[in-house]
$ cat data.csv   # CSV, N, CA and C atoms
chain,number,residue,atom,x,y,z
A,116,GLN,N,0.8,-1.2,0.0
A,116,GLN,CA,0.0,0.0,0.0
A,116,GLN,C,0.9,1.2,0.0
A,117,VAL,N,0.6,2.1,-0.9
A,117,VAL,CA,1.4,3.4,-1.0
A,117,VAL,C,0.9,4.3,0.1
A,118,GLN,N,2.0,4.9,0.7
A,118,GLN,CA,1.7,5.9,1.8
A,118,GLN,C,2.7,7.0,1.6
A,119,MET,N,2.2,8.2,1.7
A,119,MET,CA,3.0,9.4,1.7
A,119,MET,C,2.7,10.3,2.9
A,120,VAL,N,3.7,10.6,3.6
A,120,VAL,CA,3.5,11.4,4.9
A,120,VAL,C,4.3,12.6,4.9
A,121,GLU,N,3.6,13.8,4.9
A,121,GLU,CA,4.3,15.0,5.0
A,121,GLU,C,4.5,15.4,6.5
A,122,SER,N,5.5,16.2,6.8
A,122,SER,CA,5.7,16.7,8.1
A,122,SER,C,6.4,18.1,8.0
A,123,GLY,N,6.7,18.7,9.1
A,123,GLY,CA,7.5,19.9,9.1
A,123,GLY,C,6.7,21.2,9.0
A,124,GLY,N,5.4,21.1,8.9
A,124,GLY,CA,4.6,22.3,8.9
A,124,GLY,C,4.5,23.0,10.2
A,125,GLY,N,3.9,24.2,10.3
A,125,GLY,CA,3.8,24.9,11.5
A,125,GLY,C,3.5,26.3,11.3
A,126,LEU,N,3.7,27.1,12.4
A,126,LEU,CA,3.5,28.5,12.4
A,126,LEU,C,4.9,29.2,12.3
A,127,VAL,N,5.0,30.1,11.4
A,127,VAL,CA,6.2,30.9,11.2
A,127,VAL,C,5.9,32.3,10.9
A,128,GLN,N,6.8,33.2,11.3
A,128,GLN,CA,6.6,34.6,11.0
A,128,GLN,C,7.0,34.9,9.5
A,129,ALA,N,6.4,35.9,9.0
A,129,ALA,CA,6.8,36.4,7.6
A,129,ALA,C,8.3,36.6,7.5
A,130,GLY,N,8.8,36.1,6.4
A,130,GLY,CA,10.3,36.2,6.3
A,130,GLY,C,11.0,35.0,6.7
A,131,GLY,N,10.4,34.1,7.5
A,131,GLY,CA,11.0,32.9,8.0
A,131,GLY,C,11.1,31.8,7.0
A,132,SER,N,11.5,30.7,7.5
A,132,SER,CA,11.7,29.5,6.6
A,132,SER,C,11.2,28.3,7.3
A,133,LEU,N,10.8,27.3,6.4
A,133,LEU,CA,10.4,26.0,6.8
A,133,LEU,C,10.9,25.0,5.8
A,134,ARG,N,11.1,23.8,6.3
A,134,ARG,CA,11.5,22.7,5.4
A,134,ARG,C,10.5,21.5,5.6
A,135,LEU,N,9.9,21.2,4.5
A,135,LEU,CA,8.8,20.1,4.6
A,135,LEU,C,9.4,18.8,4.0
A,136,PRO,N,9.6,17.8,4.8
A,136,PRO,CA,9.9,16.5,4.2
A,136,PRO,C,8.6,15.7,3.9
A,137,CYS,N,8.7,14.8,2.9
A,137,CYS,CA,7.6,13.9,2.6
A,137,CYS,C,8.2,12.5,2.4
A,138,ALA,N,7.9,11.6,3.3
A,138,ALA,CA,8.4,10.2,3.2
A,138,ALA,C,7.4,9.3,2.5
A,139,ALA,N,7.8,8.7,1.5
A,139,ALA,CA,7.0,7.8,0.8
A,139,ALA,C,7.3,6.3,1.1
A,140,SER,N,6.3,5.5,1.1
A,140,SER,CA,6.6,4.0,1.3
A,140,SER,C,5.6,3.2,0.5
A,141,GLY,N,5.8,1.9,0.4
A,141,GLY,CA,4.9,1.0,-0.3
A,141,GLY,C,5.4,0.6,-1.6
A,142,ARG,N,6.4,1.3,-2.1
A,142,ARG,CA,7.0,1.0,-3.4
A,142,ARG,C,8.3,1.8,-3.6
A,143,THR,N,9.0,1.6,-4.6
A,143,THR,CA,10.2,2.4,-4.9
A,143,THR,C,9.8,3.6,-5.7
A,144,PHE,N,10.1,4.8,-5.3
A,144,PHE,CA,9.6,6.0,-6.0
A,144,PHE,C,10.8,6.6,-6.8
A,145,SER,N,11.9,5.9,-6.9
A,145,SER,CA,13.0,6.5,-7.6
A,145,SER,C,12.8,6.9,-9.0
A,146,ASN,N,11.8,6.3,-9.7
A,146,ASN,CA,11.6,6.7,-11.1
A,146,ASN,C,10.3,7.5,-11.2
A,147,TYR,N,9.7,8.0,-10.1
A,147,TYR,CA,8.5,8.8,-10.1
A,147,TYR,C,8.9,10.3,-10.2
A,148,VAL,N,8.1,11.0,-10.9
A,148,VAL,CA,8.1,12.5,-10.7
A,148,VAL,C,7.4,12.8,-9.4
A,149,MET,N,8.0,13.6,-8.6
A,149,MET,CA,7.4,14.0,-7.3
A,149,MET,C,7.1,15.5,-7.3
A,150,GLY,N,6.1,15.9,-6.6
A,150,GLY,CA,5.7,17.3,-6.6
A,150,GLY,C,5.1,17.7,-5.3
A,151,TRP,N,4.9,19.0,-5.2
A,151,TRP,CA,4.2,19.6,-4.0
A,151,TRP,C,3.1,20.5,-4.6
A,152,SER,N,2.0,20.5,-3.9
A,152,SER,CA,0.9,21.4,-4.2
A,152,SER,C,0.4,22.0,-2.9
A,153,ARG,N,-0.5,23.0,-2.9
A,153,ARG,CA,-1.0,23.5,-1.7
A,153,ARG,C,-2.5,23.9,-1.9
A,154,GLN,N,-3.2,24.1,-0.8
A,154,GLN,CA,-4.6,24.4,-0.9
A,154,GLN,C,-5.0,25.2,0.3
A,155,THR,N,-5.9,26.2,0.0
A,155,THR,CA,-6.5,27.0,1.1
A,155,THR,C,-8.0,26.8,1.0
A,156,PRO,N,-8.7,27.1,2.1
A,156,PRO,CA,-10.1,26.8,2.1
A,156,PRO,C,-10.9,27.6,1.0
A,157,GLY,N,-11.7,26.9,0.3
A,157,GLY,CA,-12.5,27.5,-0.7
A,157,GLY,C,-11.8,27.6,-2.1
A,158,LYS,N,-10.6,27.2,-2.1
A,158,LYS,CA,-9.8,27.3,-3.4
A,158,LYS,C,-9.4,26.0,-3.9
A,159,GLU,N,-9.1,25.9,-5.2
A,159,GLU,CA,-8.6,24.6,-5.7
A,159,GLU,C,-7.2,24.4,-5.3
A,160,ARG,N,-6.8,23.2,-5.3
A,160,ARG,CA,-5.4,22.9,-5.1
A,160,ARG,C,-4.5,23.4,-6.2
A,161,GLU,N,-3.4,24.0,-5.8
A,161,GLU,CA,-2.5,24.6,-6.8
A,161,GLU,C,-1.1,24.1,-6.8
A,162,PHE,N,-0.6,24.0,-7.9
A,162,PHE,CA,0.8,23.4,-8.1
A,162,PHE,C,1.8,24.4,-7.5
A,163,VAL,N,2.8,23.8,-6.8
A,163,VAL,CA,3.9,24.6,-6.2
A,163,VAL,C,5.2,24.2,-6.9
A,164,ALA,N,5.6,22.9,-6.9
A,164,ALA,CA,6.9,22.5,-7.5
A,164,ALA,C,6.9,21.1,-7.9
A,165,ALA,N,7.8,20.7,-8.8
A,165,ALA,CA,7.9,19.3,-9.2
A,165,ALA,C,9.4,19.0,-9.4
A,166,ILE,N,9.8,17.7,-9.4
A,166,ILE,CA,11.1,17.3,-9.6
A,166,ILE,C,11.2,16.0,-10.3
A,167,SER,N,12.1,15.9,-11.2
A,167,SER,CA,12.2,14.6,-12.0
A,167,SER,C,12.8,13.5,-11.1
A,168,TRP,N,12.8,12.3,-11.6
A,168,TRP,CA,13.3,11.2,-10.8
A,168,TRP,C,14.7,11.3,-10.4
A,169,SER,N,15.5,11.9,-11.3
A,169,SER,CA,17.0,12.1,-11.0
A,169,SER,C,17.3,13.3,-10.2
A,170,GLY,N,16.3,14.2,-10.1
A,170,GLY,CA,16.6,15.5,-9.4
A,170,GLY,C,17.2,16.5,-10.3
A,171,GLY,N,17.5,16.1,-11.6
A,171,GLY,CA,18.1,17.0,-12.5
A,171,GLY,C,17.2,18.1,-13.1
A,172,ARG,N,15.9,17.9,-13.0
A,172,ARG,CA,15.0,18.9,-13.6
A,172,ARG,C,14.0,19.2,-12.5
A,173,THR,N,13.7,20.5,-12.4
A,173,THR,CA,12.7,21.0,-11.5
A,173,THR,C,11.8,22.0,-12.2
A,174,SER,N,10.6,22.2,-11.6
A,174,SER,CA,9.7,23.2,-12.1
A,174,SER,C,9.0,23.8,-10.9
A,175,TYR,N,8.7,25.2,-11.0
A,175,TYR,CA,8.1,25.9,-9.9
A,175,TYR,C,7.0,26.8,-10.4
A,176,ALA,N,6.0,27.0,-9.5
A,176,ALA,CA,5.0,28.0,-9.8
A,176,ALA,C,5.7,29.4,-9.8
A,177,ASP,N,5.3,30.3,-10.6
A,177,ASP,CA,5.9,31.6,-10.6
A,177,ASP,C,6.0,32.3,-9.3
A,178,SER,N,5.0,32.1,-8.5
A,178,SER,CA,4.8,32.8,-7.2
A,178,SER,C,5.9,32.3,-6.2
A,179,VAL,N,6.5,31.2,-6.4
A,179,VAL,CA,7.5,30.7,-5.4
A,179,VAL,C,8.9,30.6,-6.0
A,180,LYS,N,9.1,30.9,-7.2
A,180,LYS,CA,10.4,30.9,-7.8
A,180,LYS,C,11.4,31.8,-7.1
A,181,GLY,N,12.6,31.2,-6.8
A,181,GLY,CA,13.6,32.0,-6.1
A,181,GLY,C,13.5,31.9,-4.6
A,182,ARG,N,12.4,31.4,-4.1
A,182,ARG,CA,12.2,31.3,-2.6
A,182,ARG,C,12.0,29.9,-2.2
A,183,PHE,N,11.4,29.0,-3.0
A,183,PHE,CA,11.2,27.6,-2.6
A,183,PHE,C,12.2,26.7,-3.4
A,184,THR,N,12.6,25.7,-2.8
A,184,THR,CA,13.4,24.7,-3.5
A,184,THR,C,12.9,23.3,-3.2
A,185,ILE,N,12.7,22.5,-4.3
A,185,ILE,CA,12.3,21.1,-4.2
A,185,ILE,C,13.6,20.3,-4.4
A,186,SER,N,13.7,19.2,-3.6
A,186,SER,CA,14.8,18.3,-3.7
A,186,SER,C,14.3,16.9,-3.3
A,187,ARG,N,15.1,15.9,-3.6
A,187,ARG,CA,14.7,14.5,-3.2
A,187,ARG,C,15.9,13.7,-2.9
A,188,HIS,N,15.7,12.7,-2.1
A,188,HIS,CA,16.7,11.7,-1.7
A,188,HIS,C,16.1,10.3,-2.0
A,189,ASN,N,16.5,9.8,-3.2
A,189,ASN,CA,15.8,8.5,-3.6
A,189,ASN,C,16.1,7.4,-2.7
A,190,ALA,N,17.3,7.3,-2.1
A,190,ALA,CA,17.6,6.2,-1.2
A,190,ALA,C,16.7,6.2,0.0
A,191,LYS,N,16.2,7.3,0.4
A,191,LYS,CA,15.3,7.5,1.5
A,191,LYS,C,13.9,7.6,1.1
A,192,ASN,N,13.6,7.5,-0.2
A,192,ASN,CA,12.2,7.7,-0.7
A,192,ASN,C,11.6,9.0,-0.1
A,193,THR,N,12.3,10.0,-0.1
A,193,THR,CA,11.9,11.3,0.5
A,193,THR,C,12.0,12.5,-0.4
A,194,VAL,N,11.0,13.3,-0.5
A,194,VAL,CA,11.1,14.6,-1.2
A,194,VAL,C,11.0,15.7,-0.2
A,195,TYR,N,11.6,16.8,-0.5
A,195,TYR,CA,11.7,17.9,0.4
A,195,TYR,C,11.2,19.2,-0.3
A,196,LEU,N,10.6,20.1,0.5
A,196,LEU,CA,10.3,21.5,0.0
A,196,LEU,C,10.9,22.4,1.0
A,197,GLU,N,11.9,23.1,0.6
A,197,GLU,CA,12.5,24.2,1.4
A,197,GLU,C,11.9,25.5,1.0
A,198,MET,N,11.3,26.2,2.0
A,198,MET,CA,10.6,27.4,1.8
A,198,MET,C,11.3,28.5,2.6
A,199,ASN,N,11.7,29.5,1.8
A,199,ASN,CA,12.4,30.7,2.4
A,199,ASN,C,11.6,32.0,2.1
A,200,SER,N,11.9,33.0,2.9
A,200,SER,CA,11.2,34.3,2.7
A,200,SER,C,9.7,34.1,2.6
A,201,LEU,N,9.2,33.4,3.6
A,201,LEU,CA,7.7,33.1,3.6
A,201,LEU,C,6.9,34.3,3.7
A,202,LYS,N,5.7,34.3,3.1
A,202,LYS,CA,4.8,35.4,3.1
A,202,LYS,C,3.4,34.9,3.7
A,203,PRO,N,2.6,35.8,4.2
A,203,PRO,CA,1.3,35.4,4.7
A,203,PRO,C,0.5,34.7,3.7
A,204,GLU,N,0.6,35.1,2.4
A,204,GLU,CA,-0.2,34.4,1.3
A,204,GLU,C,0.3,33.0,1.0
A,205,ASN,N,1.4,32.6,1.6
A,205,ASN,CA,1.9,31.2,1.5
A,205,ASN,C,1.2,30.2,2.5
A,206,THR,N,0.3,30.8,3.3
A,206,THR,CA,-0.4,30.0,4.3
A,206,THR,C,-1.3,29.1,3.5
A,207,ALA,N,-1.2,27.8,3.8
A,207,ALA,CA,-2.0,26.7,3.1
A,207,ALA,C,-1.7,25.4,3.7
A,208,VAL,N,-2.5,24.4,3.3
A,208,VAL,CA,-2.1,23.0,3.6
A,208,VAL,C,-1.2,22.5,2.4
A,209,TYR,N,-0.1,22.0,2.7
A,209,TYR,CA,0.9,21.6,1.6
A,209,TYR,C,0.8,20.1,1.5
A,210,TYR,N,0.7,19.6,0.3
A,210,TYR,CA,0.6,18.2,0.0
A,210,TYR,C,1.7,17.8,-0.9
A,211,CYS,N,2.3,16.6,-0.6
A,211,CYS,CA,3.3,16.1,-1.6
A,211,CYS,C,2.5,15.0,-2.4
A,212,ALA,N,3.1,14.8,-3.6
A,212,ALA,CA,2.4,13.9,-4.5
A,212,ALA,C,3.4,13.1,-5.4
A,213,ALA,N,3.0,12.0,-5.9
A,213,ALA,CA,3.9,11.2,-6.8
A,213,ALA,C,3.1,10.9,-8.1
A,214,ARG,N,3.9,10.9,-9.2
A,214,ARG,CA,3.3,10.6,-10.5
A,214,ARG,C,4.0,9.4,-11.1
A,215,ARG,N,3.2,8.4,-11.4
A,215,ARG,CA,3.8,7.2,-12.0
A,215,ARG,C,4.5,7.5,-13.3
A,216,PRO,N,5.5,6.7,-13.7
A,216,PRO,CA,6.1,6.9,-15.0
A,216,PRO,C,5.0,6.6,-16.1
A,217,LYS,N,5.0,7.4,-17.1
A,217,LYS,CA,3.9,7.2,-18.1
A,217,LYS,C,4.6,7.4,-19.5
A,218,GLY,N,5.6,6.5,-19.8
A,218,GLY,CA,6.2,6.5,-21.0
A,218,GLY,C,7.7,6.9,-20.9
A,219,ALA,N,8.4,7.0,-22.0
A,219,ALA,CA,9.8,7.3,-22.0
A,219,ALA,C,10.1,8.8,-21.6
A,220,ILE,N,9.2,9.7,-22.0
A,220,ILE,CA,9.4,11.1,-21.7
A,220,ILE,C,9.0,11.5,-20.3
A,221,VAL,N,9.9,12.1,-19.6
A,221,VAL,CA,9.6,12.5,-18.2
A,221,VAL,C,8.9,13.9,-18.2
A,222,VAL,N,7.7,13.9,-17.8
A,222,VAL,CA,6.9,15.1,-17.7
A,222,VAL,C,6.8,15.6,-16.3
A,223,LEU,N,7.3,16.9,-16.1
A,223,LEU,CA,7.1,17.5,-14.8
A,223,LEU,C,5.7,18.1,-14.7
A,224,ALA,N,4.8,17.3,-14.3
A,224,ALA,CA,3.4,17.7,-14.3
A,224,ALA,C,3.2,18.9,-13.4
A,225,THR,N,2.4,19.8,-13.9
A,225,THR,CA,2.1,21.1,-13.1
A,225,THR,C,0.6,21.2,-12.8
A,226,LEU,N,-0.1,20.1,-13.1
A,226,LEU,CA,-1.5,20.1,-12.7
A,226,LEU,C,-1.7,19.1,-11.6
A,227,PRO,N,-2.3,19.4,-10.5
A,227,PRO,CA,-2.5,18.5,-9.4
A,227,PRO,C,-3.1,17.2,-9.9
A,228,ASN,N,-4.1,17.2,-10.8
A,228,ASN,CA,-4.8,16.0,-11.2
A,228,ASN,C,-3.9,15.1,-12.1
A,229,GLU,N,-2.7,15.5,-12.4
A,229,GLU,CA,-1.8,14.6,-13.1
A,229,GLU,C,-1.0,13.7,-12.2
A,230,TYR,N,-1.2,13.8,-10.9
A,230,TYR,CA,-0.5,13.0,-9.9
A,230,TYR,C,-1.3,11.9,-9.4
A,231,ASP,N,-0.7,10.8,-9.1
A,231,ASP,CA,-1.4,9.5,-8.8
A,231,ASP,C,-1.5,9.3,-7.3
A,232,TYR,N,-0.6,9.7,-6.5
A,232,TYR,CA,-0.6,9.4,-5.1
A,232,TYR,C,-0.4,10.7,-4.3
A,233,TRP,N,-1.1,10.8,-3.2
A,233,TRP,CA,-1.0,12.0,-2.4
A,233,TRP,C,-0.8,11.7,-0.9
A,234,GLY,N,-0.2,12.7,-0.2
A,234,GLY,CA,-0.1,12.6,1.3
A,234,GLY,C,-1.4,13.3,1.9
A,235,GLN,N,-1.4,13.3,3.2
A,235,GLN,CA,-2.6,13.9,3.9
A,235,GLN,C,-2.4,15.4,4.1
A,236,GLY,N,-1.3,15.9,3.8
A,236,GLY,CA,-1.1,17.3,3.9
A,236,GLY,C,-0.5,17.8,5.3
A,237,THR,N,0.2,18.9,5.3
A,237,THR,CA,0.7,19.5,6.5
A,237,THR,C,0.4,21.0,6.4
A,238,GLN,N,-0.1,21.6,7.5
A,238,GLN,CA,-0.5,23.0,7.6
A,238,GLN,C,0.7,23.9,7.8
A,239,VAL,N,0.8,24.9,6.9
A,239,VAL,CA,1.8,25.9,7.1
A,239,VAL,C,1.0,27.2,7.2
A,240,THR,N,1.4,27.9,8.3
A,240,THR,CA,0.7,29.2,8.6
A,240,THR,C,1.8,30.3,8.8
A,241,VAL,N,1.7,31.3,8.0
A,241,VAL,CA,2.7,32.4,8.0
A,241,VAL,C,2.0,33.6,8.6
A,242,SER,N,2.5,34.1,9.7
A,242,SER,CA,1.9,35.3,10.4
A,242,SER,C,2.6,36.6,9.9
A,243,SER,N,1.8,37.6,9.9
A,243,SER,CA,2.4,38.9,9.4
A,243,SER,C,3.0,39.7,10.5
$ encode --input "data.csv" --output "structure tokens"
Amino acid sequence: QVQMVESGGGLVQAGGSLRLPCAASGRTFSNYVMGWSRQTPGKEREFVAAISWSGGRTSYADSVKGRFTISRHNAKNTVYLEMNSLKPENTAVYYCAARRPKGAIVVLATLPNEYDYWGQGTQVTVSS
């Protein structure tokens, strides 16, 4: 059974930093694209970042470029989201996700519905 567990969320002041790990289990994810999305009440889930299986390619939402960094450690089946210079508008539940390989071309999916497995989410609250 696939399980993905996020952690590291919490309350932080504007300008601060947080690092969110997501531990995956139930299969080997080394050839999966991994991603992060976030959601606030009443809004659709939105893409934040994605990383290829090798870690050599990444993609970010424009709103987080230069402040957030996605990385992965395949031996640990873990993906990370490093968030710096946090703003109140970054307050949300953050979810990690995994996308199964779908052919020879690696697609860094930027739509949440392109991912196959999800964690339960971790709350990030940024105070002003």
$ residues_around --input "data.csv" --residues "A:Leu201" --least-positions-apart "6" --cutoff "8 Å" --atoms "only C-alpha atoms" --output "VMD selection string"
chain A and resid 128 to 132 182 241
$ select_by_dssp --input "data.csv" --residues "stretch 121-213 of chain A" --states "strand (DSSP E)" --output "compact mmCIF listing (two decimals) with N, CA and C atoms, keeping the file's coordinate frame"
# COMPACT_ATOMS: atom_id res chain seq x y z
N GLU A 121 3.60 13.80 4.90
CA GLU A 121 4.30 15.00 5.00
C GLU A 121 4.50 15.40 6.50
N GLY A 125 3.90 24.20 10.30
CA GLY A 125 3.80 24.90 11.50
C GLY A 125 3.50 26.30 11.30
N LEU A 126 3.70 27.10 12.40
CA LEU A 126 3.50 28.50 12.40
C LEU A 126 4.90 29.20 12.30
N VAL A 127 5.00 30.10 11.40
CA VAL A 127 6.20 30.90 11.20
C VAL A 127 5.90 32.30 10.90
N GLN A 128 6.80 33.20 11.30
CA GLN A 128 6.60 34.60 11.00
C GLN A 128 7.00 34.90 9.50
N LEU A 133 10.80 27.30 6.40
CA LEU A 133 10.40 26.00 6.80
C LEU A 133 10.90 25.00 5.80
N ARG A 134 11.10 23.80 6.30
CA ARG A 134 11.50 22.70 5.40
C ARG A 134 10.50 21.50 5.60
N LEU A 135 9.90 21.20 4.50
CA LEU A 135 8.80 20.10 4.60
C LEU A 135 9.40 18.80 4.00
N PRO A 136 9.60 17.80 4.80
CA PRO A 136 9.90 16.50 4.20
C PRO A 136 8.60 15.70 3.90
N CYS A 137 8.70 14.80 2.90
CA CYS A 137 7.60 13.90 2.60
C CYS A 137 8.20 12.50 2.40
N ALA A 138 7.90 11.60 3.30
CA ALA A 138 8.40 10.20 3.20
C ALA A 138 7.40 9.30 2.50
N ALA A 139 7.80 8.70 1.50
CA ALA A 139 7.00 7.80 0.80
C ALA A 139 7.30 6.30 1.10
N SER A 140 6.30 5.50 1.10
CA SER A 140 6.60 4.00 1.30
C SER A 140 5.60 3.20 0.50
N VAL A 148 8.10 11.00 -10.90
CA VAL A 148 8.10 12.50 -10.70
C VAL A 148 7.40 12.80 -9.40
N MET A 149 8.00 13.60 -8.60
CA MET A 149 7.40 14.00 -7.30
C MET A 149 7.10 15.50 -7.30
N GLY A 150 6.10 15.90 -6.60
CA GLY A 150 5.70 17.30 -6.60
C GLY A 150 5.10 17.70 -5.30
N TRP A 151 4.90 19.00 -5.20
CA TRP A 151 4.20 19.60 -4.00
C TRP A 151 3.10 20.50 -4.60
N SER A 152 2.00 20.50 -3.90
CA SER A 152 0.90 21.40 -4.20
C SER A 152 0.40 22.00 -2.90
N ARG A 153 -0.50 23.00 -2.90
CA ARG A 153 -1.00 23.50 -1.70
C ARG A 153 -2.50 23.90 -1.90
N GLN A 154 -3.20 24.10 -0.80
CA GLN A 154 -4.60 24.40 -0.90
C GLN A 154 -5.00 25.20 0.30
N GLU A 161 -3.40 24.00 -5.80
CA GLU A 161 -2.50 24.60 -6.80
C GLU A 161 -1.10 24.10 -6.80
N PHE A 162 -0.60 24.00 -7.90
CA PHE A 162 0.80 23.40 -8.10
C PHE A 162 1.80 24.40 -7.50
N VAL A 163 2.80 23.80 -6.80
CA VAL A 163 3.90 24.60 -6.20
C VAL A 163 5.20 24.20 -6.90
N ALA A 164 5.60 22.90 -6.90
CA ALA A 164 6.90 22.50 -7.50
C ALA A 164 6.90 21.10 -7.90
N ALA A 165 7.80 20.70 -8.80
CA ALA A 165 7.90 19.30 -9.20
C ALA A 165 9.40 19.00 -9.40
N ILE A 166 9.80 17.70 -9.40
CA ILE A 166 11.10 17.30 -9.60
C ILE A 166 11.20 16.00 -10.30
N THR A 173 13.70 20.50 -12.40
CA THR A 173 12.70 21.00 -11.50
C THR A 173 11.80 22.00 -12.20
N SER A 174 10.60 22.20 -11.60
CA SER A 174 9.70 23.20 -12.10
C SER A 174 9.00 23.80 -10.90
N TYR A 175 8.70 25.20 -11.00
CA TYR A 175 8.10 25.90 -9.90
C TYR A 175 7.00 26.80 -10.40
N PHE A 183 11.40 29.00 -3.00
CA PHE A 183 11.20 27.60 -2.60
C PHE A 183 12.20 26.70 -3.40
N THR A 184 12.60 25.70 -2.80
CA THR A 184 13.40 24.70 -3.50
C THR A 184 12.90 23.30 -3.20
N ILE A 185 12.70 22.50 -4.30
CA ILE A 185 12.30 21.10 -4.20
C ILE A 185 13.60 20.30 -4.40
N SER A 186 13.70 19.20 -3.60
CA SER A 186 14.80 18.30 -3.70
C SER A 186 14.30 16.90 -3.30
N ARG A 187 15.10 15.90 -3.60
CA ARG A 187 14.70 14.50 -3.20
C ARG A 187 15.90 13.70 -2.90
N HIS A 188 15.70 12.70 -2.10
CA HIS A 188 16.70 11.70 -1.70
C HIS A 188 16.10 10.30 -2.00
N THR A 193 12.30 10.00 -0.10
CA THR A 193 11.90 11.30 0.50
C THR A 193 12.00 12.50 -0.40
N VAL A 194 11.00 13.30 -0.50
CA VAL A 194 11.10 14.60 -1.20
C VAL A 194 11.00 15.70 -0.20
N TYR A 195 11.60 16.80 -0.50
CA TYR A 195 11.70 17.90 0.40
C TYR A 195 11.20 19.20 -0.30
N LEU A 196 10.60 20.10 0.50
CA LEU A 196 10.30 21.50 0.00
C LEU A 196 10.90 22.40 1.00
N GLU A 197 11.90 23.10 0.60
CA GLU A 197 12.50 24.20 1.40
C GLU A 197 11.90 25.50 1.00
N MET A 198 11.30 26.20 2.00
CA MET A 198 10.60 27.40 1.80
C MET A 198 11.30 28.50 2.60
N ALA A 207 -1.20 27.80 3.80
CA ALA A 207 -2.00 26.70 3.10
C ALA A 207 -1.70 25.40 3.70
N VAL A 208 -2.50 24.40 3.30
CA VAL A 208 -2.10 23.00 3.60
C VAL A 208 -1.20 22.50 2.40
N TYR A 209 -0.10 22.00 2.70
CA TYR A 209 0.90 21.60 1.60
C TYR A 209 0.80 20.10 1.50
N TYR A 210 0.70 19.60 0.30
CA TYR A 210 0.60 18.20 0.00
C TYR A 210 1.70 17.80 -0.90
N CYS A 211 2.30 16.60 -0.60
CA CYS A 211 3.30 16.10 -1.60
C CYS A 211 2.50 15.00 -2.40
N ALA A 212 3.10 14.80 -3.60
CA ALA A 212 2.40 13.90 -4.50
C ALA A 212 3.40 13.10 -5.40
N ALA A 213 3.00 12.00 -5.90
CA ALA A 213 3.90 11.20 -6.80
C ALA A 213 3.10 10.90 -8.10
$ closest_atom_pairs --input "data.csv" --of "stretch 117-149 of chain A" --to "stretch 203-220 of chain A" --cutoff "5 Å" --atoms "all atoms listed in the file" --output "JSON lines"
{"residue": "A:Tyr147", "atom": "CA", "partner": "A:Arg214", "partner_atom": "C", "distance": 4.6}
{"residue": "A:Val148", "atom": "C", "partner": "A:Arg214", "partner_atom": "N", "distance": 4.0}
{"residue": "A:Met149", "atom": "CA", "partner": "A:Ala213", "partner_atom": "CA", "distance": 4.5}
$ atom_distance --input "data.csv" --atom1 "atom N of A:Gln238" --atom2 "atom N of A:Trp168"
24.9 Å
$ atom_distance --input "data.csv" --atom1 "atom N of A:Gln118" --atom2 "atom N of A:Thr240"
24.2 Å
$ atom_distance --input "data.csv" --atom1 "atom C of A:Val120" --atom2 "atom CA of A:Ser200"
22.9 Å
$ closest_residue --input "data.csv" --among "A:Glu229, A:Asn199, A:Gln154, A:Thr193" --to "A:Leu133" --atoms "all atoms listed in the file"
A:Asn199
$ residues_around --input "data.csv" --residues "A:Ile166" --least-positions-apart "2" --cutoff "8 Å" --atoms "all atoms listed in the file" --output "short mmCIF file (atom, residue, chain, number, x, y, z; two decimals) with N, CA and C atoms, in the coordinates of the input"
data_model
loop_
_atom_site.label_atom_id
_atom_site.label_comp_id
_atom_site.auth_asym_id
_atom_site.auth_seq_id
_atom_site.Cartn_x
_atom_site.Cartn_y
_atom_site.Cartn_z
N TYR A 147 9.70 8.00 -10.10
CA TYR A 147 8.50 8.80 -10.10
C TYR A 147 8.90 10.30 -10.20
N VAL A 148 8.10 11.00 -10.90
CA VAL A 148 8.10 12.50 -10.70
C VAL A 148 7.40 12.80 -9.40
N MET A 149 8.00 13.60 -8.60
CA MET A 149 7.40 14.00 -7.30
C MET A 149 7.10 15.50 -7.30
N GLY A 150 6.10 15.90 -6.60
CA GLY A 150 5.70 17.30 -6.60
C GLY A 150 5.10 17.70 -5.30
N TRP A 151 4.90 19.00 -5.20
CA TRP A 151 4.20 19.60 -4.00
C TRP A 151 3.10 20.50 -4.60
N ALA A 164 5.60 22.90 -6.90
CA ALA A 164 6.90 22.50 -7.50
C ALA A 164 6.90 21.10 -7.90
N TRP A 168 12.80 12.30 -11.60
CA TRP A 168 13.30 11.20 -10.80
C TRP A 168 14.70 11.30 -10.40
N SER A 169 15.50 11.90 -11.30
CA SER A 169 17.00 12.10 -11.00
C SER A 169 17.30 13.30 -10.20
N GLY A 170 16.30 14.20 -10.10
CA GLY A 170 16.60 15.50 -9.40
C GLY A 170 17.20 16.50 -10.30
N GLY A 171 17.50 16.10 -11.60
CA GLY A 171 18.10 17.00 -12.50
C GLY A 171 17.20 18.10 -13.10
N ARG A 172 15.90 17.90 -13.00
CA ARG A 172 15.00 18.90 -13.60
C ARG A 172 14.00 19.20 -12.50
N THR A 173 13.70 20.50 -12.40
CA THR A 173 12.70 21.00 -11.50
C THR A 173 11.80 22.00 -12.20
N SER A 174 10.60 22.20 -11.60
CA SER A 174 9.70 23.20 -12.10
C SER A 174 9.00 23.80 -10.90
N TYR A 175 8.70 25.20 -11.00
CA TYR A 175 8.10 25.90 -9.90
C TYR A 175 7.00 26.80 -10.40
N ILE A 185 12.70 22.50 -4.30
CA ILE A 185 12.30 21.10 -4.20
C ILE A 185 13.60 20.30 -4.40
N SER A 186 13.70 19.20 -3.60
CA SER A 186 14.80 18.30 -3.70
C SER A 186 14.30 16.90 -3.30
N ARG A 187 15.10 15.90 -3.60
CA ARG A 187 14.70 14.50 -3.20
C ARG A 187 15.90 13.70 -2.90
N VAL A 222 7.70 13.90 -17.80
CA VAL A 222 6.90 15.10 -17.70
C VAL A 222 6.80 15.60 -16.30
N LEU A 223 7.30 16.90 -16.10
CA LEU A 223 7.10 17.50 -14.80
C LEU A 223 5.70 18.10 -14.70
N ALA A 224 4.80 17.30 -14.30
CA ALA A 224 3.40 17.70 -14.30
C ALA A 224 3.20 18.90 -13.40
#
$ select_by_dssp --input "data.csv" --residues "stretch 134-218 of chain A" --states "helix (DSSP H, G or I)" --output "ChimeraX atom specification"
/A:189-191,203-205
$ residues_around --input "data.csv" --residues "A:Arg134" --least-positions-apart "2" --cutoff "10 Å" --atoms "only C-alpha atoms" --output "number ranges by chain"
A: 122-124, 132, 136, 183-185, 195-199
